[in-house]
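**Q** For reference, the file query-v3.cif (mmCIF, C-alpha atoms) is included below:
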data_input
#
loop_
_atom_site.label_atom_id
_atom_site.label_comp_id
_atom_site.auth_asym_id
_atom_site.auth_seq_id
_atom_site.Cartn_x
_atom_site.Cartn_y
_atom_site.Cartn_z
CA MET A 156 0.00 0.00 0.00
CA LYS A 157 2.81 2.38 0.92
CA LYS A 158 4.44 1.67 -2.48
CA ARG A 159 1.18 2.63 -4.20
CA PHE A 160 0.99 5.88 -2.21
CA ASP A 161 4.63 6.67 -3.04
CA GLU A 162 3.91 6.22 -6.76
CA MET A 163 0.91 8.55 -6.57
CA ILE A 164 2.89 11.16 -4.63
CA ALA A 165 5.64 10.96 -7.24
CA LYS A 166 3.14 11.63 -10.04
CA ILE A 167 1.70 14.58 -8.16
CA LYS A 168 5.14 16.06 -7.56
CA GLU A 169 6.01 15.52 -11.23
CA LEU A 170 3.03 17.64 -12.18
CA GLU A 171 4.05 20.18 -9.56
CA THR A 172 7.58 20.49 -11.01
CA LYS A 173 6.05 21.26 -14.43
CA GLU A 174 4.16 24.13 -12.78
CA ILE A 175 0.91 22.52 -13.87
CA LEU A 176 -0.52 22.46 -10.37
CA VAL A 177 -1.92 25.89 -9.65
CA TRP A 178 -3.01 25.49 -6.10
CA SER A 179 -1.43 24.65 -2.77
CA TRP A 180 -1.79 21.12 -1.50
CA ARG A 181 -1.47 22.33 2.09
CA LYS A 182 -4.44 24.66 1.76
CA ILE A 183 -6.56 21.87 0.34
CA ILE A 184 -5.64 19.21 2.85
CA ASN A 185 -5.50 21.62 5.82
CA MET A 186 -4.29 18.93 8.18
CA LYS A 187 -1.05 18.11 9.93
CA TYR A 188 -0.76 14.76 8.19
CA TYR A 189 0.14 16.53 4.97
CA GLN A 190 1.92 13.66 3.24
CA TRP A 191 -0.95 11.24 3.84
CA GLY A 192 -3.36 13.89 2.59
CA GLN A 193 -1.39 14.18 -0.62
CA ALA A 194 -1.55 10.44 -1.10
CA LEU A 195 -5.28 10.35 -0.43
CA LEU A 196 -5.96 13.08 -2.99
CA GLY A 197 -3.65 11.29 -5.42
CA LEU A 198 -5.71 8.14 -5.03
CA ILE A 199 -8.84 10.09 -5.95
CA VAL A 200 -7.14 11.69 -8.96
CA LEU A 201 -5.62 8.48 -10.30
CA SER A 202 -8.88 6.60 -9.95
CA CYS A 203 -10.56 8.99 -12.40
CA PRO A 204 -10.78 7.37 -15.89
CA VAL A 205 -10.39 10.69 -17.69
CA VAL A 206 -7.23 11.61 -15.80
CA ASN A 207 -5.80 8.14 -16.20
CA SER A 208 -6.38 8.32 -19.96
CA ILE A 209 -4.59 11.65 -20.08
CA TYR A 210 -1.57 10.15 -18.35
CA ALA A 211 -1.69 7.16 -20.69
CA ASN A 212 -1.92 8.87 -24.07
CA GLY A 213 0.32 11.82 -23.27
CA ASN A 214 -1.59 14.13 -25.64
CA ASN A 215 -2.71 16.65 -23.07
CA GLU A 216 -1.04 18.15 -20.05
CA GLY A 217 -3.70 18.63 -17.42
CA SER A 218 -3.69 20.64 -14.21
CA PHE A 219 -5.78 20.05 -11.11
CA VAL A 220 -7.52 23.07 -9.62
CA LEU A 221 -9.54 23.55 -6.47
CA HIS A 222 -12.76 25.16 -7.65
CA SER A 223 -14.56 27.86 -5.66
CA ASP A 224 -17.17 25.34 -4.56
CA ASN A 225 -14.41 23.12 -3.08
CA LYS A 226 -14.52 20.64 -6.00
CA VAL A 227 -11.31 19.44 -7.54
CA ILE A 228 -11.46 19.75 -11.33
CA GLN A 229 -9.06 18.85 -14.08
CA VAL A 230 -8.14 21.56 -16.61
CA TYR A 231 -6.31 21.31 -19.91
CA GLN A 232 -6.09 23.19 -23.18
CA THR A 233 -6.95 22.06 -26.68
CA SER A 234 -7.49 23.58 -30.11
CA GLU A 235 -9.91 22.99 -32.97
CA SER A 236 -9.49 23.82 -36.63
CA ARG A 237 -12.44 25.34 -38.42
CA PHE A 238 -13.22 26.57 -41.91
CA LEU A 239 -13.75 30.30 -42.14
CA GLU A 240 -15.16 30.38 -45.66
CA PHE A 241 -14.91 28.58 -48.96
CA PRO A 242 -13.38 30.14 -52.08
CA GLU A 243 -15.54 31.60 -54.80
CA THR A 244 -14.99 31.05 -58.51
CA LYS A 245 -14.40 34.22 -60.49
CA GLN A 246 -13.60 35.00 -64.10
CA VAL A 247 -11.15 37.86 -64.33
CA GLU A 248 -9.93 40.10 -67.11
CA THR A 249 -6.24 40.68 -67.69
CA SER A 250 -4.56 43.63 -69.36
CA GLN A 251 -2.08 41.30 -71.06
CA LYS A 252 -3.97 38.65 -72.99
CA GLN A 253 -1.87 35.62 -73.93
CA GLY A 254 -4.32 34.00 -76.33
CA PRO A 255 -7.78 34.25 -77.89
CA SER A 256 -10.24 36.40 -75.95
CA PHE A 257 -12.86 33.62 -75.75
CA LEU A 258 -10.51 31.16 -73.99
CA TYR A 259 -10.32 30.81 -70.20
CA SER A 260 -7.85 29.03 -67.94
CA LYS A 261 -7.26 28.80 -64.22
CA ALA A 262 -5.02 31.60 -62.95
CA THR A 263 -5.11 30.87 -59.21
CA GLU A 264 -5.96 27.65 -57.40
CA GLY A 265 -7.79 29.31 -54.50
CA ALA A 266 -7.79 28.15 -50.89
CA ILE A 267 -10.21 27.52 -48.05
CA GLY A 268 -9.88 29.89 -45.12
CA VAL A 269 -8.80 28.06 -41.96
CA SER A 270 -8.34 29.12 -38.34
CA TYR A 271 -7.43 27.39 -35.09
CA GLN A 272 -9.37 28.25 -31.96
CA GLY A 273 -7.93 27.40 -28.58
CA PHE A 274 -10.12 26.32 -25.66
CA GLU A 275 -9.70 25.69 -21.98
CA LEU A 276 -11.65 22.59 -21.00
CA LYS A 277 -12.67 21.74 -17.45
CA TYR A 278 -13.79 18.28 -16.30
CA ASP A 279 -14.95 17.06 -12.96
CA LEU A 280 -13.36 13.93 -11.48
CA LEU A 281 -16.09 11.79 -13.03
CA GLY A 282 -15.01 12.86 -16.50
CA ASN A 283 -17.92 15.21 -17.19
CA LEU A 284 -17.19 18.37 -19.18
CA ILE A 285 -18.31 21.29 -17.07
CA ASP A 286 -16.85 24.26 -18.97
CA LYS A 287 -15.38 25.10 -22.37
CA THR A 288 -13.93 28.60 -22.64
CA PRO A 289 -12.39 30.10 -25.84
CA ILE A 290 -8.94 31.51 -25.11
CA SER A 291 -7.46 32.18 -28.56
CA ASP A 292 -8.36 32.35 -32.24
CA VAL A 293 -5.59 32.33 -34.82
CA ILE A 294 -6.22 32.61 -38.58
CA ILE A 295 -3.94 30.13 -40.33
CA GLN A 296 -4.99 30.93 -43.88
CA GLU A 297 -7.28 33.51 -45.42
CA ALA A 298 -9.76 32.31 -48.05
CA GLN A 299 -8.55 32.88 -51.61
CA ASP A 300 -10.83 32.89 -54.65
CA VAL A 301 -10.32 30.54 -57.60
CA GLU A 302 -9.69 32.84 -60.56
CA TYR A 303 -9.99 32.02 -64.25
CA GLN A 304 -8.24 34.31 -66.67
CA ARG A 305 -9.92 35.38 -69.88
CA GLY A 306 -7.59 35.59 -72.85
CA SER A 307 -5.65 32.48 -71.89
CA LYS A 308 -3.03 30.96 -74.10
CA VAL A 309 -3.95 27.68 -75.77
CA LYS A 310 -2.99 24.99 -73.25
CA VAL A 311 -4.31 21.86 -71.60
CA GLY A 312 -7.11 22.78 -69.19
CA ALA A 313 -8.13 25.98 -71.00
CA TYR A 314 -11.82 26.07 -71.96
CA PHE A 315 -14.51 28.10 -73.70
CA TYR A 316 -18.28 28.17 -74.22
CA PRO A 317 -18.90 27.60 -77.92
CA VAL A 318 -21.46 28.37 -80.55
CA TYR A 319 -21.70 25.24 -82.67
CA SER A 320 -23.01 23.84 -85.91
CA ARG A 321 -22.52 20.77 -88.13
CA PHE A 322 -21.05 20.21 -91.60
CA GLY A 323 -20.50 17.43 -94.10
CA VAL A 324 -18.07 16.84 -96.95
CA ASP A 325 -20.93 17.63 -99.34
CA CYS A 326 -21.67 21.05 -97.83
CA VAL A 327 -22.51 24.02 -100.04
CA GLY A 328 -19.26 25.31 -101.51
CA CYS A 329 -17.28 22.23 -100.43
CA SER A 330 -15.17 20.27 -102.93
CA GLY A 331 -16.93 17.02 -102.12
CA ARG A 332 -20.45 18.26 -102.69
CA LYS A 333 -20.95 15.92 -105.65
CA THR A 334 -18.29 13.28 -105.08
CA GLY A 335 -18.37 12.79 -101.31
CA VAL A 336 -14.58 13.01 -101.34
CA GLY A 337 -12.45 15.81 -99.97
CA ASN A 338 -9.63 17.04 -97.75
CA PHE A 339 -9.87 18.84 -94.45
CA ALA A 340 -7.80 22.02 -94.12
CA SER A 341 -5.20 20.00 -92.22
CA GLY A 342 -4.63 17.85 -95.34
CA ILE A 343 -6.27 14.75 -93.88
CA HIS A 344 -8.41 12.97 -96.47
CA TYR A 345 -12.01 11.72 -96.30
CA GLU A 346 -14.00 9.55 -98.67
CA LYS A 347 -17.62 8.62 -98.06
CA ASP A 348 -17.02 4.96 -98.96
CA LYS A 349 -13.64 4.52 -97.23
CA GLY A 350 -13.91 6.87 -94.26
CA VAL A 351 -11.16 9.01 -92.71
CA ARG A 352 -7.45 8.51 -93.43
CA GLN A 353 -5.59 7.75 -90.20
CA TYR A 354 -2.03 8.55 -89.12
CA ASP A 355 -0.51 5.47 -90.76
CA GLY A 356 -2.20 6.23 -94.10
CA SER A 357 -4.91 3.57 -93.81
CA TYR A 358 -8.62 4.39 -93.84
CA THR A 359 -11.16 3.74 -91.09
CA LYS A 360 -14.85 3.59 -91.90
CA GLY A 361 -16.88 6.26 -90.18
CA ILE A 362 -16.24 9.87 -89.23
CA THR A 363 -13.45 9.69 -86.61
CA TYR A 364 -9.70 10.22 -86.71
CA GLU A 365 -7.72 7.95 -84.36
CA GLY A 366 -10.92 7.53 -82.33
CA TYR A 367 -11.76 11.25 -82.08
CA TYR A 368 -14.67 13.02 -83.77
CA ILE A 369 -13.64 15.88 -86.06
CA ILE A 370 -14.32 19.60 -85.81
CA ALA A 371 -13.45 22.80 -87.60
CA ALA A 372 -12.31 25.52 -85.20
CA ASP A 373 -10.83 29.01 -85.11
CA LYS A 374 -7.27 29.25 -86.43
CA SER A 375 -6.07 30.27 -82.97
CA ILE A 376 -6.57 26.63 -81.91
CA PRO A 377 -3.89 24.61 -83.72
CA PHE A 378 -4.53 21.54 -85.82
CA CYS A 379 -4.35 18.28 -83.88
CA THR A 380 -5.63 19.85 -80.66
CA VAL A 381 -7.88 17.39 -78.79
CA LEU A 382 -10.84 18.79 -76.85
CA GLU A 383 -13.70 17.45 -74.78
CA ILE A 384 -17.28 18.64 -75.28
CA GLU A 385 -19.72 18.47 -72.37
CA ASN A 386 -23.26 19.70 -71.64
CA HIS A 387 -24.31 19.26 -75.26
CA ARG A 388 -27.26 17.87 -77.23
CA PHE A 389 -25.45 16.08 -80.07
CA GLU A 390 -26.44 12.46 -80.61
CA GLY A 391 -25.73 9.78 -83.17
CA ALA A 392 -22.73 7.84 -84.55
CA GLY A 393 -21.78 6.76 -81.03
CA ILE A 394 -22.37 10.15 -79.40
CA LYS A 395 -24.98 10.25 -76.64
CA ASN A 396 -26.95 13.32 -75.67
CA ASN A 397 -25.25 15.20 -72.78
CA VAL A 398 -22.50 12.56 -72.43
CA PRO A 399 -19.02 14.12 -72.84
CA PHE A 400 -17.11 13.13 -75.98
CA GLN A 401 -13.77 14.08 -77.50
CA VAL A 402 -12.95 15.80 -80.77
CA ILE A 403 -9.86 16.81 -82.72
CA VAL A 404 -9.30 20.00 -84.72
CA LEU A 405 -8.69 19.08 -88.38
CA ASP A 406 -10.49 21.78 -90.33
CA ARG A 407 -11.14 25.52 -90.67
CA GLY A 408 -13.98 27.47 -92.25
CA GLY A 409 -14.75 30.94 -93.54
CA ALA A 410 -17.49 31.36 -90.93
CA ILE A 411 -15.64 29.47 -88.17
CA ASN A 412 -14.19 32.28 -86.11
CA GLY A 413 -13.76 32.88 -82.38
CA LYS A 414 -15.72 30.48 -80.22
CA ARG A 415 -17.71 28.91 -83.08
CA ILE A 416 -16.99 25.27 -83.92
CA ASP A 417 -18.34 23.02 -86.69
CA LEU A 418 -18.78 19.29 -86.01
CA PHE A 419 -18.13 16.93 -88.93
CA ILE A 420 -21.07 14.59 -89.58
CA GLY A 421 -19.97 12.80 -92.79
CA LEU A 422 -22.59 13.69 -95.38
CA GLU A 423 -25.18 16.43 -94.95
CA SER A 424 -27.41 14.44 -97.26
CA ASP A 425 -27.21 11.53 -94.82
CA MET A 426 -26.55 13.02 -91.40
CA GLN A 427 -25.07 10.63 -88.86
CA ILE A 428 -25.22 13.11 -85.98
CA GLY A 429 -28.32 15.09 -85.06
CA TYR A 430 -29.53 17.26 -82.19
CA GLY A 431 -31.40 15.79 -79.24
CA LYS A 432 -33.37 17.55 -76.54
CA TRP A 433 -31.60 19.71 -74.01
CA LEU A 434 -31.03 17.55 -70.94
CA THR A 435 -29.09 20.15 -68.98
CA SER A 436 -29.45 23.82 -68.14
CA LYS A 437 -25.66 24.31 -68.19
CA LYS A 438 -23.84 25.91 -71.09
CA THR A 439 -22.02 23.69 -73.55
CA LYS A 440 -18.35 23.70 -72.54
CA ILE A 441 -15.25 22.69 -74.49
CA THR A 442 -11.96 21.97 -72.71
CA ILE A 443 -8.53 21.36 -74.22
CA ILE A 444 -7.23 18.00 -73.01
CA LYS A 445 -4.30 17.26 -75.32
CA ARG A 446 -2.02 18.84 -77.92
CA GLY A 447 -0.97 16.68 -80.85
CA LYS A 448 1.66 17.42 -83.50
CA TRP A 449 0.75 18.25 -87.08
CA GLN A 450 3.29 16.63 -89.35
CA LYS A 451 3.76 14.30 -92.31
CA ASN A 452 3.67 10.55 -91.84
CA SER A 453 6.05 8.01 -93.37
CA LYS A 454 4.11 8.21 -96.63
CA GLY A 455 4.53 11.99 -96.87
CA GLN A 456 0.87 12.64 -96.02
CA TYR A 457 -0.21 15.29 -93.54
CA ALA A 458 -1.39 13.73 -90.31
CA CYS A 459 -1.71 14.30 -86.55
CA LYS A 460 0.68 12.49 -84.27
CA LEU A 461 -0.95 12.09 -80.87
#
Please express what this file holds, its structure, as structure tokens.
**A**
Amino acid sequence: MKKRFDEMIAKIKELETKEILVWSWRKIINMKYYQWGQALLGLIVLSCPVVNSIYANGNNEGSFVLHSDNKVIQVYQTSESRFLEFPETKQVETSQKQGPSFLYSKATEGAIGVSYQGFELKYDLLGNLIDKTPISDVIIQEAQDVEYQRGSKVKVGAYFYPVYSRFGVDCVGCSGRKTGVGNFASGIHYEKDKGVRQYDGSYTKGITYEGYYIIAADKSIPFCTVLEIENHRFEGAGIKNNVPFQVIVLDRGGAINGKRIDLFIGLESDMQIGYGKWLTSKKTKITIIKRGKWQKNSKGQYACKL
């Protein structure tokens, strides 16, 4: 028993040397058998599950205080992180445009505002929380808005909101109006019976190049640029209404300027891609996802290396 008391007294004195104890043991005990009083109070303290857990995990340094109503309570400090506010998304203008005015890209990542608030917690010896008092509030990070720059250079992740239309090799004024055969502005060949010429010079039936649907776009977007279209109402030839799909820039057009694009549908006399109902209230959005290289293949034919 004496060994147990000695251990408890040692723990109490250890706390006392750390200046955690903020009251006088003699005033509490108020008896001539001071050492036995210390041991008795230590027995009470160490029998408390909350205090024992604090000793065990070592995460909090508690202090024992004699309350005004003559109750011994355990006090320690803690902190909690909290979100101040979430970033907003803004589109910003810049005085130095790096690319076409209709193209946007992320300029700043943004950040969530965070602060740490310190508290003093008080428990009774039964482990019940009896008081929680704020003692500090430190802002760790101010909220920062996510900003998208207008006039972005052409790069992966840049996007725009297009005006769109469809065209076929037999369009009015096109070289394949009667034959169903023609070249895109990039030099890649199409024939209605053979399909689209691929990078290796072979033909694939249908209206895709290396698996991508074909568009005409503004000359500011280079040939062989791969984009993704979302929030749309195209459907047909494997495209599903409002399901994102990918396209590649292979053509130009006299009326294809700025944010206007023209989706290739094969023959206008036999359209493979039509318009479905609007299934979304969001604007159609096109995002650059890859940049290919416009060059000649081993056969000396213009092609896109992806």
**Q** Go through the shown structure with the PyMOL selection byres ((chain A and resi 276) around 8) and write out the matching residues as a PDB file with C-alpha atoms, in the frame of the given file.
**A**
ATOM      1  CA  VAL A 230      -8.140  21.560 -16.610  1.00  0.00           C
ATOM      2  CA  TYR A 231      -6.310  21.310 -19.910  1.00  0.00           C
ATOM      3  CA  GLN A 232      -6.090  23.190 -23.180  1.00  0.00           C
ATOM      4  CA  THR A 233      -6.950  22.060 -26.680  1.00  0.00           C
ATOM      5  CA  PHE A 274     -10.120  26.320 -25.660  1.00  0.00           C
ATOM      6  CA  GLU A 275      -9.700  25.690 -21.980  1.00  0.00           C
ATOM      7  CA  LYS A 277     -12.670  21.740 -17.450  1.00  0.00           C
ATOM      8  CA  TYR A 278     -13.790  18.280 -16.300  1.00  0.00           C
ATOM      9  CA  LEU A 284     -17.190  18.370 -19.180  1.00  0.00           C
ATOM     10  CA  ILE A 285     -18.310  21.290 -17.070  1.00  0.00           C
ATOM     11  CA  ASP A 286     -16.850  24.260 -18.970  1.00  0.00           C
ATOM     12  CA  LYS A 287     -15.380  25.100 -22.370  1.00  0.00           C
ATOM     13  CA  THR A 288     -13.930  28.600 -22.640  1.00  0.00           C
TER      14      THR A 288
END
**Q** Do you know which residues are at most 10 Å from Gly391 (chain A) counting all atoms listed in the file, after dropping those on the same chain fewer than 5 positions away, and could you put them as number ranges by chain?
**A** A: 396, 420, 426-431
**Q** Given 5 Å of margin on each side, can you work out the centre and size in Å (one decimal) of an axis-aligned box holding every listed atom of region 364-381 of chain A, as lines of an AutoDock Vina configuration file?
**A**
center_x = -9.3
center_y = 18.9
center_z = -83.2
size_x = 20.8
size_y = 32.7
size_z = 18.8
**Q** Under the rule that only C-alpha atoms are counted, which of A:Asp355, A:Asp279, A:Asp373, A:Glu264 is the nearest residue to Ile411 (chain A)?
**A** A:Asp373
**Q** Which residue out of A:Gly323, A:Ser357, A:Asn386, A:Gly335 has the minimum interatomic distance to Ile369 (chain A) when only C-alpha atoms are used?
**A** A:Gly323
**Q** Excluding Phe389 (chain A) and residues on its chain fewer than 3 positions from it, collect all residues at most 12 Å away from it, counting all atoms listed in the file, and give them as an MDAnalysis selection string.
**A** chainID A and resid 319:321 368 384:386 392:400 417:420 426:434 439
**Q** Choose the residue, out of A:Arg388, A:Lys438, A:Lys360, A:Lys460, that has the smallest atom-to-atom separation from Ile403 (chain A); count only C-alpha atoms.
**A**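 Closest to Ile403 (chain A) of all the choices is A:Lys460.
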**Q** Using the chain letters and numbers from the file, which residues does the PyMOL selection byres ((chain A and resi 338) around 10) grab, as a ChimeraX atom specification?
**A** /A:324,329-331,336-337,339-346,351-352,405-406
**Q** Which protein, DNA or RNA residues are at most 7 Å from (-7.1, 25.3, -67.8) in the file's coordinates when you count all atoms listed in the file, listed as a PyMOL selection string?
**A** chain A and resi 259-261+310-314
**Q** Looking at A:Pro289, A:Gly447, A:Gly361, A:Gly254, which one is nearest to Tyr271 (chain A), with distances taken over all atoms listed in the file?
**A**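 Looking only at the distances to Tyr271 (chain A), the closest residue turns out to be A:Pro289.
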**Q** Quick one: everything within 10 Å of Ser453 (chain A), counting all atoms listed in the file, minus sequence neighbours fewer than 3 positions away in the same chain. Send it as a list in words.
**A** Tyr354, Asp355, Gly356, Gln450, Gln456, Tyr457 and Ala458 of chain A
**Q** With only C-alpha atoms as the basis for distance, which of A:Pro317, A:Gly265, A:Gly306, A:Gly328 is at the shortest distance from Asn412 (chain A)?
**A**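 Going through A:Pro317, A:Gly265, A:Gly306, A:Gly328 one by one, the smallest distance to Asn412 (chain A) is for A:Pro317.
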**Q** As an exercise, work out the distance from CA of Leu422 (chain A) to CA of Val381 (chain A) in Å and give it to one decimal place.
**A** 22.5 Å
**Q** Rounded to one decimal in Å, what is the spacing between CA of Leu461 (chain A) and CA of Gly408 (chain A)?
**A**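 Atom-to-atom, CA of Leu461 (chain A) and CA of Gly408 (chain A) are spaced 23.1 Å apart.
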**Q** In Å, with one decimal, what is the gap from CA of Trp449 (chain A) to CA of Val318 (chain A)?
**A** 25.3 Å
**Q** Rank nothing, just name the residue among A:Lys448, A:Ile416, A:Glu390, A:Asp325 nearest to Pro377 (chain A), using all atoms listed in the file.
**A**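 Under the stated criterion, the closest residue is A:Lys448.
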**Q** Could you state which residues are captured by the PyMOL selection byres ((chain A and resi 297) around 6) in this file, as a PyMOL selection string?
**A** chain A and resi 268+296+298
**Q** Keeping N, CA and C atoms, write region 409-432 of chain A of the structure just shown out as an mmCIF file, in the first residue's frame.
**A**
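That gives us selection.cif:
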data_model
loop_
_atom_site.group_PDB
_atom_site.id
_atom_site.type_symbol
_atom_site.label_atom_id
_atom_site.label_comp_id
_atom_site.auth_asym_id
_atom_site.auth_seq_id
_atom_site.Cartn_x
_atom_site.Cartn_y
_atom_site.Cartn_z
ATOM 1 N N GLY A 409 -14.626 29.490 -93.390
ATOM 2 C CA GLY A 409 -14.752 30.938 -93.537
ATOM 3 C C GLY A 409 -15.597 31.559 -92.443
ATOM 4 N N ALA A 410 -16.603 30.819 -91.971
ATOM 5 C CA ALA A 410 -17.488 31.355 -90.926
ATOM 6 C C ALA A 410 -17.122 30.848 -89.528
ATOM 7 N N ILE A 411 -16.041 30.065 -89.464
ATOM 8 C CA ILE A 411 -15.644 29.472 -88.173
ATOM 9 C C ILE A 411 -14.594 30.365 -87.529
ATOM 10 N N ASN A 412 -15.079 31.324 -86.774
ATOM 11 C CA ASN A 412 -14.195 32.279 -86.105
ATOM 12 C C ASN A 412 -14.534 32.360 -84.616
ATOM 13 N N GLY A 413 -13.534 32.712 -83.827
ATOM 14 C CA GLY A 413 -13.764 32.878 -82.381
ATOM 15 C C GLY A 413 -14.202 31.570 -81.735
ATOM 16 N N LYS A 414 -15.277 31.646 -80.987
ATOM 17 C CA LYS A 414 -15.720 30.481 -80.222
ATOM 18 C C LYS A 414 -16.647 29.540 -81.006
ATOM 19 N N ARG A 415 -16.859 29.786 -82.280
ATOM 20 C CA ARG A 415 -17.707 28.906 -83.081
ATOM 21 C C ARG A 415 -16.924 27.661 -83.495
ATOM 22 N N ILE A 416 -17.564 26.511 -83.412
ATOM 23 C CA ILE A 416 -16.992 25.267 -83.922
ATOM 24 C C ILE A 416 -17.999 24.623 -84.864
ATOM 25 N N ASP A 417 -17.506 23.731 -85.717
ATOM 26 C CA ASP A 417 -18.337 23.016 -86.688
ATOM 27 C C ASP A 417 -18.015 21.530 -86.548
ATOM 28 N N LEU A 418 -18.998 20.715 -86.210
ATOM 29 C CA LEU A 418 -18.780 19.286 -86.005
ATOM 30 C C LEU A 418 -19.010 18.526 -87.310
ATOM 31 N N PHE A 419 -18.038 17.698 -87.679
ATOM 32 C CA PHE A 419 -18.131 16.926 -88.925
ATOM 33 C C PHE A 419 -19.100 15.756 -88.751
ATOM 34 N N ILE A 420 -20.036 15.626 -89.696
ATOM 35 C CA ILE A 420 -21.069 14.587 -89.580
ATOM 36 C C ILE A 420 -21.064 13.628 -90.775
ATOM 37 N N GLY A 421 -20.030 13.682 -91.614
ATOM 38 C CA GLY A 421 -19.967 12.801 -92.791
ATOM 39 C C GLY A 421 -20.595 13.461 -93.998
ATOM 40 N N LEU A 422 -21.840 13.107 -94.264
ATOM 41 C CA LEU A 422 -22.588 13.692 -95.378
ATOM 42 C C LEU A 422 -23.786 14.461 -94.846
ATOM 43 N N GLU A 423 -23.990 15.666 -95.358
ATOM 44 C CA GLU A 423 -25.177 16.428 -94.951
ATOM 45 C C GLU A 423 -26.436 15.819 -95.559
ATOM 46 N N SER A 424 -26.262 15.099 -96.637
ATOM 47 C CA SER A 424 -27.414 14.438 -97.257
ATOM 48 C C SER A 424 -27.802 13.158 -96.504
ATOM 49 N N ASP A 425 -26.939 12.729 -95.609
ATOM 50 C CA ASP A 425 -27.215 11.526 -94.818
ATOM 51 C C ASP A 425 -26.572 11.712 -93.440
ATOM 52 N N MET A 426 -27.146 12.624 -92.679
ATOM 53 C CA MET A 426 -26.546 13.020 -91.399
ATOM 54 C C MET A 426 -26.457 11.868 -90.407
ATOM 55 N N GLN A 427 -25.270 11.667 -89.866
ATOM 56 C CA GLN A 427 -25.070 10.629 -88.861
ATOM 57 C C GLN A 427 -25.223 11.171 -87.429
ATOM 58 N N ILE A 428 -25.119 12.483 -87.307
ATOM 59 C CA ILE A 428 -25.219 13.110 -85.983
ATOM 60 C C ILE A 428 -26.291 14.183 -86.023
ATOM 61 N N GLY A 429 -27.245 14.092 -85.124
ATOM 62 C CA GLY A 429 -28.316 15.087 -85.055
ATOM 63 C C GLY A 429 -28.306 15.794 -83.713
ATOM 64 N N TYR A 430 -29.367 16.553 -83.456
ATOM 65 C CA TYR A 430 -29.535 17.263 -82.186
ATOM 66 C C TYR A 430 -30.645 16.591 -81.391
ATOM 67 N N GLY A 431 -30.377 16.308 -80.137
ATOM 68 C CA GLY A 431 -31.395 15.793 -79.241
ATOM 69 C C GLY A 431 -31.974 16.913 -78.397
ATOM 70 N N LYS A 432 -32.792 16.555 -77.441
ATOM 71 C CA LYS A 432 -33.372 17.547 -76.535
ATOM 72 C C LYS A 432 -32.317 18.008 -75.533
#
